[in-house]
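Just below is one structure, and these are the notes that go with it.
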Amino acid sequence: MQPKTEDAPLVPQAGLSVGDDATVRCGGLWTLPQLAELERCLETFPWPEAAAVVCDAGQIEAMDTGGAWLLQRSLNDLRQRGRQVELRGLRPEFATLLQIVAATPTQAAPAAAAPAGATLEQVGRMAWNEWGQVTGGLAFLGESLVMLLRLLVSPLRVRWRAVIRSLELDGFNALPIVGLLSFLMGVVIAYQGAEQLKTFGANIFIVDLVGVSILREIAPLVTAILVAGRSGSAYAAQLGTMKVTEELDAIRTLGLSPMELLVAPKVLALAIALPLLSVYADAVGVFGGMLIARSDLSISFREFLTRFEDAVALRHFLIGIAKAPVFAVIIALVGCYQGFQIRGGVDDVGRRTTVSVVQAIFLVIVLDAFFSIALNWWDL
């Protein structure tokens, strides 16, 4: 049932109008929620053509800093066009706010050209900023590990409903894209290998190539990269938006820990979801290789599976699955850390989201290379 129109509260809308005497009248609420509408109104507003413009602000009922800034900016624009502007009727408290806004510089002074010797200073600043990122990341990692250990001791403190929700979003909903790309990777590897193996008459070794490469390296790596682009960016954007809208401050005010409330469910859910997605990617990728082996090398499914059982050791599957939780923790922590690092507005949210994806993929590939070297040393 729709509410009656006459029962709705009457909210005065902000607006501009021109009277018969060419006086511009400002009225309503000049507050932050009305700024977008006021901006659109100002873009098409027909200002009087007279050299002197009179603005009657007596009908403004509420004004905050955003409204005062917009009014001051409009008056400055008129003055820069050579008009004389007279502001009348503004309430004393709003006039005081307008004076404060007018006295505050809105744009930084243009930076002086850097002297030739400033290059070393810039390098030093960049190194210092990078060092700050490293130390901040290590501090966040330490805090996260302490939090996870505390939750392992007291599992009842884990928000299992949030964990299950993250499992659905980051795990179950990622099945189509993970399956499609894993299948295509299996097809590509089998095609490229088939061309070389046919030359030497070693068709059956396509099973070794597809099985070992998919289970040990390709499936966990491709899955981790996809999850980093899909879920890591979502974590950074979600936490960044909550920080911009001061929801994180509200959570701390209530005596709750954002780490335990927001970060822990994401880390736990991804640590569970990524190994399962890797198993799924293993199966789909090997199936893609089986199809190419049958069509291009005339190897039946039965022959493929028989050779697969003999040639591909269980350790290759276990190594691939063992990497997945490590990748998951890295992806989740990088996304959450970049979300907490947002200091500005919406622009900073987008920038930090991009940084989280780049850093997560970089660290995943570095860790994968480290695993490959270490396992090779141990003859695994």
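Each chain in the structure tokens gets a letter, A, B and so on, in the order shown; residues start at 1 in every chain, and ligands are counted from 1 in the order they appear.
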Counting only C-alpha atoms, which residues in segment 208-281 of chain A sit no more than 9 Å from segment 353-356 of chain A? For each one, give the nearest pair of atoms and the distance in Å, sorted by chain then residue number, as CSV.
```
residue,atom,partner,partner_atom,distance
A:Ala228,CA,A:Ser356,CA,8.3
A:Gly229,CA,A:Ser356,CA,8.7
A:Gly232,CA,A:Ser356,CA,6.7
A:Ser233,CA,A:Thr353,CA,5.1
A:Ala234,CA,A:Thr353,CA,7.7
A:Tyr235,CA,A:Thr353,CA,8.3
A:Ala236,CA,A:Thr353,CA,5.4
A:Ala237,CA,A:Thr353,CA,5.9
A:Gly240,CA,A:Thr353,CA,8.5
```
At a cut-off of 12 Å, can you tabulate as a tab-separated table every residue of segment 334-379 of chain A near segment 303-317 of chain A together with its closest atom pair and the distance in Å to one decimal, using only C-alpha atoms and ordering rows by chain then number?
```
residue	atom	partner	partner_atom	distance
A:Ser372	CA	A:His316	CA	11.6
A:Leu375	CA	A:His316	CA	10.8
A:Asp379	CA	A:Arg315	CA	11.2
```
Selected residues, C-alpha atoms, written as an mmCIF file, in the first residue's frame, please.
```
data_model
loop_
_atom_site.group_PDB
_atom_site.id
_atom_site.type_symbol
_atom_site.label_atom_id
_atom_site.label_comp_id
_atom_site.auth_asym_id
_atom_site.auth_seq_id
_atom_site.Cartn_x
_atom_site.Cartn_y
_atom_site.Cartn_z
ATOM 1 C CA SER A 372 58.595 -23.622 -7.474
ATOM 2 C CA LEU A 375 60.021 -27.496 -4.106
ATOM 3 C CA ASP A 379 62.922 -32.740 -5.271
#
```
Can you tell me which residues surround segment 75-92 of chain A at a distance of at most 6 Å, considering only C-alpha atoms, apart from same-chain residues fewer than 4 positions away, and format the answer as a VMD selection string? chain A and resid 51 to 58
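Among A:Val212, A:Ala219, A:Leu261, A:Val187, the residue with the shortest atom-to-atom distance to Arg294 of chain A, counting only C-alpha atoms, is A:Val187.
The two atoms in question, atom CA of Ala194 of chain A and atom CA of Lys323 of chain A, are spaced 28.2 Å apart.
Proximity ranking of A:Asp249, A:Glu195, A:Glu260, A:Asp64 relative to Glu143 of chain A places A:Glu260 first, based on only C-alpha atoms.
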From segment 22-241 of chain A, collect each residue whose DSSP state is helix (DSSP H, G or I) and return the set as a PyMOL selection string. chain A and resi 32-43+65-80+92-103+118-153+155-157+160-200+203-241
Which polymer residues have any atom within 7 Å of an atom of segment 277-289 of chain A, counting only C-alpha atoms, with same-chain residues fewer than 4 positions away left out, as a list of chain:residue names? A:Gly171, A:Val178, A:Gly179, A:Ser182, A:Phe183, A:Leu184, A:Met185, A:Gly186, A:Val187, A:Ala190, A:Val210, A:Gly211, A:Ile214, A:Leu215, A:Ala219, A:Pro220, A:Thr223, A:Ala273, A:Ala293, A:Ile321
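Here atom CA of Ile330 of chain A and atom CA of Leu270 of chain A stand 9.9 Å from one another.
Proximity ranking of A:Ala174, A:Pro48, A:Glu43, A:Thr253 relative to Val24 of chain A places A:Pro48 first, based on only C-alpha atoms.
Minimum atom-to-atom distance to Asp368 of chain A, evaluated using only C-alpha atoms, belongs to A:Leu221 out of A:Ile100, A:Thr245, A:Leu221, A:Gly335.
Put simply, atom CA of Tyr337 of chain A is 9.2 Å away from atom CA of Val263 of chain A.
The residue that comes closest to Ile189 of chain A, out of A:Gln133, A:Ala250, A:Met290, A:Gly255 and on the basis of only C-alpha atoms, is A:Met290.
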